[in-house]
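Source file: entry19.txt. Holds: compact mmCIF, C-alpha atoms.
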# COMPACT_ATOMS: atom_id res chain seq x y z
CA MET I 1 2.21 -19.92 6.63
CA ILE I 2 4.14 -16.67 6.74
CA LYS I 3 4.96 -15.37 3.29
CA LYS I 4 8.67 -15.00 2.63
CA ILE I 5 11.03 -13.31 0.20
CA PHE I 6 14.45 -14.90 0.09
CA LEU I 7 17.40 -12.68 -0.71
CA SER I 8 20.60 -14.69 -0.32
CA ILE I 9 24.17 -14.36 -1.48
CA SER I 10 26.57 -17.31 -1.54
CA ILE I 11 29.94 -16.66 0.03
CA CYS I 12 32.89 -18.75 1.15
CA PHE I 13 33.07 -19.13 4.91
CA SER I 14 36.41 -19.36 6.68
CA PHE I 15 36.72 -21.64 9.66
CA CYS I 16 37.26 -20.05 13.06
CA CYS I 17 38.62 -21.53 16.25
CA SER I 18 36.03 -22.48 18.82
CA CYS I 19 37.68 -20.19 21.34
CA ASN I 20 36.72 -17.21 19.18
CA GLN I 21 33.00 -18.08 19.01
CA PRO I 22 31.84 -16.16 22.15
CA GLN I 23 33.48 -12.96 20.88
CA LYS I 24 31.90 -13.50 17.43
CA GLU I 25 28.46 -13.95 19.02
CA ARG I 26 28.85 -10.70 20.94
CA ASN I 27 29.98 -8.88 17.80
CA ASN I 28 26.97 -10.11 15.85
CA ASP I 29 24.63 -9.02 18.66
CA ASP I 30 26.20 -5.57 18.60
CA LYS I 31 25.81 -5.45 14.84
CA LEU I 32 22.13 -6.35 15.05
CA ALA I 33 21.53 -3.67 17.70
CA GLU I 34 23.25 -1.06 15.55
CA LEU I 35 21.39 -2.24 12.46
CA THR I 36 18.04 -2.06 14.25
CA LEU I 37 18.78 1.52 15.25
CA ASN I 38 19.69 2.46 11.68
CA ILE I 39 16.51 0.86 10.29
CA SER I 40 14.25 2.56 12.86
CA ASN I 41 15.78 5.88 11.87
CA CYS I 42 14.49 5.35 8.32
CA SER I 43 10.98 6.10 9.64
CA ARG I 44 8.68 6.02 6.59
CA LEU I 45 10.20 4.23 3.63
CA TYR I 46 8.09 4.91 0.54
CA THR I 47 8.38 1.96 -1.78
CA THR I 48 5.66 2.06 -4.46
CA GLU I 49 3.58 4.61 -6.34
CA CYS I 50 0.69 4.01 -8.76
CA GLN I 51 -1.45 6.33 -10.86
CA LEU I 52 -5.12 5.64 -11.55
CA ARG I 53 -7.64 7.49 -13.69
CA LYS I 54 -11.30 6.78 -13.01
CA ILE I 55 -14.29 8.21 -14.88
CA VAL I 56 -17.52 8.33 -12.90
CA ALA I 57 -20.56 8.45 -15.19
CA PHE I 58 -24.14 9.08 -14.13
CA ASN I 59 -27.28 9.22 -16.29
CA ASP I 60 -30.47 10.55 -14.70
CA LYS I 61 -33.43 9.93 -17.03
CA GLY I 62 -35.79 11.50 -14.54
CA ALA I 63 -38.10 8.58 -13.86
CA LEU I 64 -40.58 9.04 -11.04
CA CYS I 65 -41.47 5.89 -9.14
CA LEU I 66 -44.26 4.85 -6.81
CA ASN I 67 -43.93 1.61 -4.88
CA ASN I 68 -40.91 0.68 -7.03
CA THR I 69 -43.02 1.05 -10.19
CA GLU I 70 -42.18 3.70 -12.79
CA ILE I 71 -45.29 5.80 -13.47
CA ILE I 72 -44.11 9.12 -14.89
CA SER I 73 -40.91 10.35 -16.49
CA LYS I 74 -39.74 13.92 -16.14
CA PRO I 75 -39.24 15.63 -19.49
CA GLY I 76 -35.64 15.39 -20.61
CA GLU I 77 -32.62 13.96 -18.87
CA ARG I 78 -29.27 14.95 -17.41
CA LYS I 79 -25.91 13.19 -17.66
CA ILE I 80 -22.46 13.74 -16.26
CA ALA I 81 -19.00 12.16 -16.59
CA ILE I 82 -16.31 13.16 -14.10
CA PRO I 83 -12.65 12.07 -14.63
CA ILE I 84 -10.68 11.62 -11.40
CA ASP I 85 -6.90 11.18 -11.15
CA VAL I 86 -5.89 9.13 -8.11
CA THR I 87 -2.33 8.70 -6.81
CA VAL I 88 -1.69 5.71 -4.53
CA LYS I 89 1.54 5.24 -2.58
CA ALA I 90 2.72 2.48 -0.28
CA TYR I 91 5.22 2.87 2.54
CA VAL I 92 6.66 0.86 5.40
CA ASP I 93 6.95 2.61 8.77
CA PHE I 94 10.14 1.46 10.51
CA SER I 95 9.95 3.93 13.42
CA GLY I 96 8.84 1.15 15.77
CA PHE I 97 11.24 -1.49 14.44
CA LYS I 98 12.82 -3.53 17.29
CA VAL I 99 15.71 -5.93 17.61
CA ASP I 100 13.38 -8.84 18.48
CA GLN I 101 12.06 -8.63 14.92
CA ILE I 102 15.41 -10.04 13.79
CA VAL I 103 16.04 -13.71 14.58
CA ARG I 104 19.54 -15.07 14.05
CA ASP I 105 20.35 -18.71 13.36
CA SER I 106 24.01 -19.12 14.30
CA ALA I 107 24.16 -22.71 13.06
CA ASN I 108 23.21 -21.71 9.52
CA ASN I 109 24.78 -18.26 9.72
CA SER I 110 21.44 -16.75 8.65
CA ILE I 111 18.96 -14.20 9.95
CA SER I 112 15.19 -13.84 9.56
CA VAL I 113 13.70 -10.33 9.53
CA LEU I 114 10.01 -9.67 10.25
CA LEU I 115 9.13 -6.47 8.37
CA PRO I 116 6.31 -4.12 9.47
CA ASP I 117 3.01 -4.05 7.59
CA PRO I 118 2.94 -1.88 4.46
CA HIS I 119 0.64 1.15 4.67
CA ILE I 120 -1.31 2.42 1.67
CA GLU I 121 -1.94 6.12 1.20
CA ILE I 122 -4.17 7.71 -1.43
CA THR I 123 -2.04 10.84 -1.47
CA SER I 124 -4.13 12.78 -3.98
CA SER I 125 -7.50 12.48 -5.69
CA LYS I 126 -7.92 15.31 -8.15
CA VAL I 127 -11.00 16.02 -10.24
CA ASP I 128 -10.27 16.87 -13.87
CA TYR I 129 -12.70 19.76 -14.13
CA ALA I 130 -11.60 20.60 -17.68
CA GLY I 131 -12.39 17.05 -18.75
CA THR I 132 -15.76 16.89 -16.99
CA ARG I 133 -18.70 16.56 -19.36
CA GLU I 134 -22.23 17.49 -18.30
CA TYR I 135 -25.50 17.53 -20.20
CA VAL I 136 -28.73 18.85 -18.73
CA SER I 137 -31.95 19.26 -20.72
CA ALA I 138 -33.87 22.53 -20.62
CA PHE I 139 -36.48 21.13 -18.24
CA ARG I 140 -34.06 19.76 -15.65
CA ASN I 141 -31.94 21.30 -12.90
CA LYS I 142 -28.16 21.20 -13.10
CA PHE I 143 -26.21 18.82 -10.89
CA SER I 144 -25.56 20.36 -7.50
CA GLU I 145 -22.10 20.56 -5.93
CA GLU I 146 -23.25 18.05 -3.31
CA GLU I 147 -24.17 15.57 -6.03
CA LYS I 148 -20.82 16.05 -7.79
CA SER I 149 -19.02 15.54 -4.48
CA GLU I 150 -20.81 12.22 -3.98
CA PHE I 151 -19.85 11.13 -7.50
CA THR I 152 -16.16 11.85 -6.86
CA LYS I 153 -16.30 9.88 -3.61
CA GLN I 154 -17.71 7.01 -5.64
CA GLY I 155 -14.72 7.29 -8.00
CA ILE I 156 -12.28 6.98 -5.10
CA ALA I 157 -14.20 3.99 -3.75
CA ASP I 158 -13.94 2.38 -7.18
CA ALA I 159 -10.19 3.04 -7.19
CA LYS I 160 -9.87 1.26 -3.85
CA LYS I 161 -11.67 -1.76 -5.27
CA GLN I 162 -9.16 -1.85 -8.11
CA MET I 163 -6.11 -1.83 -5.82
CA PRO I 164 -5.83 -5.64 -5.48
CA GLU I 165 -5.09 -5.77 -9.23
CA MET I 166 -2.18 -3.36 -8.74
CA LYS I 167 -0.35 -5.77 -6.39
CA ILE I 168 0.77 -2.76 -4.38
CA ILE I 169 1.34 -4.75 -1.17
CA GLU I 170 3.53 -7.28 -2.99
CA HIS I 171 5.56 -4.54 -4.70
CA ALA I 172 5.94 -2.64 -1.42
CA ARG I 173 7.34 -5.67 0.37
CA ILE I 174 9.76 -6.56 -2.42
CA SER I 175 10.96 -2.96 -2.67
CA ALA I 176 11.44 -2.65 1.10
CA SER I 177 13.42 -5.90 1.16
CA GLN I 178 15.63 -4.79 -1.70
CA GLN I 179 16.35 -1.44 -0.06
CA LEU I 180 17.21 -3.00 3.30
CA LEU I 181 19.37 -5.80 1.92
CA PRO I 182 22.53 -3.64 1.45
CA MET I 183 22.31 -2.49 5.08
CA PHE I 184 22.51 -6.11 6.29
CA GLN I 185 25.28 -6.94 3.84
CA MET I 186 27.38 -4.01 5.05
CA MET I 187 27.12 -5.44 8.56
CA GLY I 188 28.47 -8.79 7.35
CA PHE I 189 25.19 -10.74 7.08
CA ASN I 190 24.68 -12.54 3.78
CA ASN I 191 22.00 -15.22 4.25
CA ILE I 192 18.91 -13.09 4.85
CA GLN I 193 15.23 -14.03 4.87
CA PHE I 194 12.50 -11.38 5.01
CA THR I 195 9.13 -12.45 6.44
CA PHE I 196 5.76 -10.74 6.80
CA ARG I 197 2.75 -10.90 9.08
CA GLU I 198 -0.13 -13.12 8.03
CA GLY I 199 -3.47 -11.62 7.07
CA ILE I 200 -1.99 -8.68 5.13
CA SER I 201 -2.14 -9.18 1.36
CA ASP I 202 -3.37 -7.63 -1.88
CA GLU I 203 -6.32 -10.03 -1.92
CA LEU I 204 -7.48 -8.71 1.48
CA ILE I 205 -6.79 -5.05 0.78
CA ASN I 206 -10.49 -4.08 0.89
CA SER I 207 -11.27 -6.19 3.94
CA GLU I 208 -12.09 -4.82 7.38
CA SER I 209 -8.82 -6.24 8.78
CA MET I 210 -6.76 -3.85 6.60
CA LYS I 211 -8.98 -0.79 6.99
CA ASN I 212 -6.55 0.94 9.38
CA LEU I 213 -3.67 0.53 6.92
CA ILE I 214 -5.30 2.71 4.23
CA LYS I 215 -5.54 6.50 4.34
CA THR I 216 -7.27 8.83 1.90
CA ALA I 217 -6.27 12.41 1.12
CA THR I 218 -8.73 15.27 0.61
CA ILE I 219 -10.30 15.56 -2.84
CA GLN I 220 -8.93 18.49 -4.84

Output the file's structure as structure tokens, nothing else.
Amino acid sequence: MIKKIFLSISICFSFCCSCNQPQKERNNDDKLAELTLNISNCSRLYTTECQLRKIVAFNDKGALCLNNTEIISKPGERKIAIPIDVTVKAYVDFSGFKVDQIVRDSANNSISVLLPDPHIEITSSKVDYAGTREYVSAFRNKFSEEEKSEFTKQGIADAKKQMPEMKIIEHARISASQQLLPMFQMMGFNNIQFTFREGISDELINSESMKNLIKTATIQ
């Protein structure tokens, strides 16, 4: 079943003569067309922002293995802990919003609006170099830049796994609905129901079906 957020306002309706109904229908259609144009002009509507701090830790004790059996250990060890600050934003792209995404029920004087899918953008992923801690024994080589780069990628991957707990999709939808509601009210619509496409949720945020809705910025 399509998930819904109901945003309704009770008002007193005045009775109109039946001869005025055709003109009223045309007026409402014109309003919806104008409203659709205004919404599509919003383009990207950023709705939610979250900050995450991940610490990637790695401990290399230098064990040498043969056939999955540890036989020799290198003298000493090396350890590293890299803090990463990740900024996650959600937005709804209304540039392709069309009038057929608004369904009007004249009998109940209500409209149902199908909102576009929220997009998630990891806008920045910055390594805290000052907070990075590294220990390397005298007999071991320091961590290479390639190794450190792989560790930071792991931190971003861990941040993505944590996103379902942030409820960023839910917050994005609620925020988008709240920001659009006044636009519908100004056009005279008061019984408004916002709906969303199935298969897009916080629980499925790391699934293959939502892969195209998530973008990652370059690591700084």

My list of candidates is I:Lys54, I:Lys148, I:Arg173, I:Lys89. Which is closest to Ser201 (chain I) when distances are computed with all atoms listed in the file?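 Nearest to Ser201 (chain I): I:Arg173.
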
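The space separating CA of Pro164 (chain I) from CA of Pro182 (chain I) comes to 29.3 Å.
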
Margin query: Need the shell around region 177-181 of chain I: protein/DNA/RNA residues with any atom at most 10 Å away, counting only C-alpha atoms. Skip same-chain ones fewer than 2 positions apart. Format as a ChimeraX atom specification?
Written below: /I:5-8,39,45,47,113,115,171-175,183-186,189-190,192-195

Store the residues picked out above, limited to C-alpha atoms, as a PDB file, in the coordinates of the input.
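Output file again.pdb is given in full below:
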ATOM      1  CA  ILE I   5      11.030 -13.310   0.200  1.00  0.00           C
ATOM      2  CA  PHE I   6      14.450 -14.900   0.090  1.00  0.00           C
ATOM      3  CA  LEU I   7      17.400 -12.680  -0.710  1.00  0.00           C
ATOM      4  CA  SER I   8      20.600 -14.690  -0.320  1.00  0.00           C
ATOM      5  CA  ILE I  39      16.510   0.860  10.290  1.00  0.00           C
ATOM      6  CA  LEU I  45      10.200   4.230   3.630  1.00  0.00           C
ATOM      7  CA  THR I  47       8.380   1.960  -1.780  1.00  0.00           C
ATOM      8  CA  VAL I 113      13.700 -10.330   9.530  1.00  0.00           C
ATOM      9  CA  LEU I 115       9.130  -6.470   8.370  1.00  0.00           C
ATOM     10  CA  HIS I 171       5.560  -4.540  -4.700  1.00  0.00           C
ATOM     11  CA  ALA I 172       5.940  -2.640  -1.420  1.00  0.00           C
ATOM     12  CA  ARG I 173       7.340  -5.670   0.370  1.00  0.00           C
ATOM     13  CA  ILE I 174       9.760  -6.560  -2.420  1.00  0.00           C
ATOM     14  CA  SER I 175      10.960  -2.960  -2.670  1.00  0.00           C
ATOM     15  CA  MET I 183      22.310  -2.490   5.080  1.00  0.00           C
ATOM     16  CA  PHE I 184      22.510  -6.110   6.290  1.00  0.00           C
ATOM     17  CA  GLN I 185      25.280  -6.940   3.840  1.00  0.00           C
ATOM     18  CA  MET I 186      27.380  -4.010   5.050  1.00  0.00           C
ATOM     19  CA  PHE I 189      25.190 -10.740   7.080  1.00  0.00           C
ATOM     20  CA  ASN I 190      24.680 -12.540   3.780  1.00  0.00           C
ATOM     21  CA  ILE I 192      18.910 -13.090   4.850  1.00  0.00           C
ATOM     22  CA  GLN I 193      15.230 -14.030   4.870  1.00  0.00           C
ATOM     23  CA  PHE I 194      12.500 -11.380   5.010  1.00  0.00           C
ATOM     24  CA  THR I 195       9.130 -12.450   6.440  1.00  0.00           C
TER      25      THR I 195
END

In Å and to one decimal, CA of Leu213 (chain I) is distant from CA of Ser95 (chain I) by 15.5 Å

*Pick from I:Arg133, I:Lys79, I:Lys98, I:Lys167, whichever lies nearest to Leu37 (chain I) using only C-alpha atoms*: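 The answer is I:Lys98, which sits nearest to Leu37 (chain I).
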
Query - Spatial neighbours of Ala159 (chain I), 8 Å, all atoms listed in the file, chain gap at least 4 places, as a PyMOL selection string - result: chain I and resi 52+54+86+155+163

Compile the contact shell of Met187 (chain I) as a list in words: residues with an atom at most 12 Å away, counting only C-alpha atoms, same-chain residues fewer than 6 positions apart removed.
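After dropping sequence-adjacent residues, the list is Asn27, Asn28, Asp29, Asp30, Lys31, Leu32, Ala33, Glu34, Leu35, Thr36, Asn38, Leu180 and Leu181 of chain I.
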
Neighbour residues at most 10 Å from (-26.1, 12.1, -14.1) (all atoms listed in the file) as a JSON list (two decimals) with C-alpha atoms, in the coordinates of the input:
[["chain", "number", "residue", "atom", "x", "y", "z"],
["I", 56, "VAL", "CA", -17.52, 8.33, -12.90],
["I", 57, "ALA", "CA", -20.56, 8.45, -15.19],
["I", 58, "PHE", "CA", -24.14, 9.08, -14.13],
["I", 59, "ASN", "CA", -27.28, 9.22, -16.29],
["I", 60, "ASP", "CA", -30.47, 10.55, -14.70],
["I", 61, "LYS", "CA", -33.43, 9.93, -17.03],
["I", 62, "GLY", "CA", -35.79, 11.50, -14.54],
["I", 77, "GLU", "CA", -32.62, 13.96, -18.87],
["I", 78, "ARG", "CA", -29.27, 14.95, -17.41],
["I", 79, "LYS", "CA", -25.91, 13.19, -17.66],
["I", 80, "ILE", "CA", -22.46, 13.74, -16.26],
["I", 81, "ALA", "CA", -19.00, 12.16, -16.59],
["I", 82, "ILE", "CA", -16.31, 13.16, -14.10],
["I", 134, "GLU", "CA", -22.23, 17.49, -18.30],
["I", 135, "TYR", "CA", -25.50, 17.53, -20.20],
["I", 136, "VAL", "CA", -28.73, 18.85, -18.73],
["I", 142, "LYS", "CA", -28.16, 21.20, -13.10],
["I", 143, "PHE", "CA", -26.21, 18.82, -10.89],
["I", 147, "GLU", "CA", -24.17, 15.57, -6.03],
["I", 148, "LYS", "CA", -20.82, 16.05, -7.79],
["I", 151, "PHE", "CA", -19.85, 11.13, -7.50]]

Q | Counting all atoms listed in the file, the option among I:Ser144, I:Val92, I:Asp128, I:Gly199 closest to Pro116 (chain I) | A |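 The closest residue to Pro116 (chain I) is I:Val92.
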
Of I:Asn141, I:Ala107, I:Val99, I:Arg53, the one nearest to Val127 (chain I) when counting all atoms listed in the file is I:Arg53

Here CA of Asn212 (chain I) and CA of Ile120 (chain I) stand apart by 9.4 Å

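Among the candidates I:Lys161, I:Pro118, I:Ile84, I:Ala130, the one nearest to Ser149 (chain I) when counting only C-alpha atoms is I:Ile84.
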
Of I:Ser43, I:Thr48, I:Thr123, I:Ser209, the one nearest to Ala90 (chain I) when counting all atoms listed in the file is I:Thr48

Can you tell me, as a PDB file with C-alpha atoms, in the frame of the given file, which residues sit within 9 Å of (20.6, -13.5, 16.9) in the file's frame, using only C-alpha atoms?
ATOM      1  CA  GLU I  25      28.460 -13.950  19.020  1.00  0.00           C
ATOM      2  CA  ASN I  28      26.970 -10.110  15.850  1.00  0.00           C
ATOM      3  CA  ASP I  29      24.630  -9.020  18.660  1.00  0.00           C
ATOM      4  CA  LEU I  32      22.130  -6.350  15.050  1.00  0.00           C
ATOM      5  CA  ASP I 100      13.380  -8.840  18.480  1.00  0.00           C
ATOM      6  CA  ILE I 102      15.410 -10.040  13.790  1.00  0.00           C
ATOM      7  CA  VAL I 103      16.040 -13.710  14.580  1.00  0.00           C
ATOM      8  CA  ARG I 104      19.540 -15.070  14.050  1.00  0.00           C
ATOM      9  CA  ASP I 105      20.350 -18.710  13.360  1.00  0.00           C
ATOM     10  CA  SER I 106      24.010 -19.120  14.300  1.00  0.00           C
ATOM     11  CA  SER I 110      21.440 -16.750   8.650  1.00  0.00           C
ATOM     12  CA  ILE I 111      18.960 -14.200   9.950  1.00  0.00           C
TER      13      ILE I 111
END
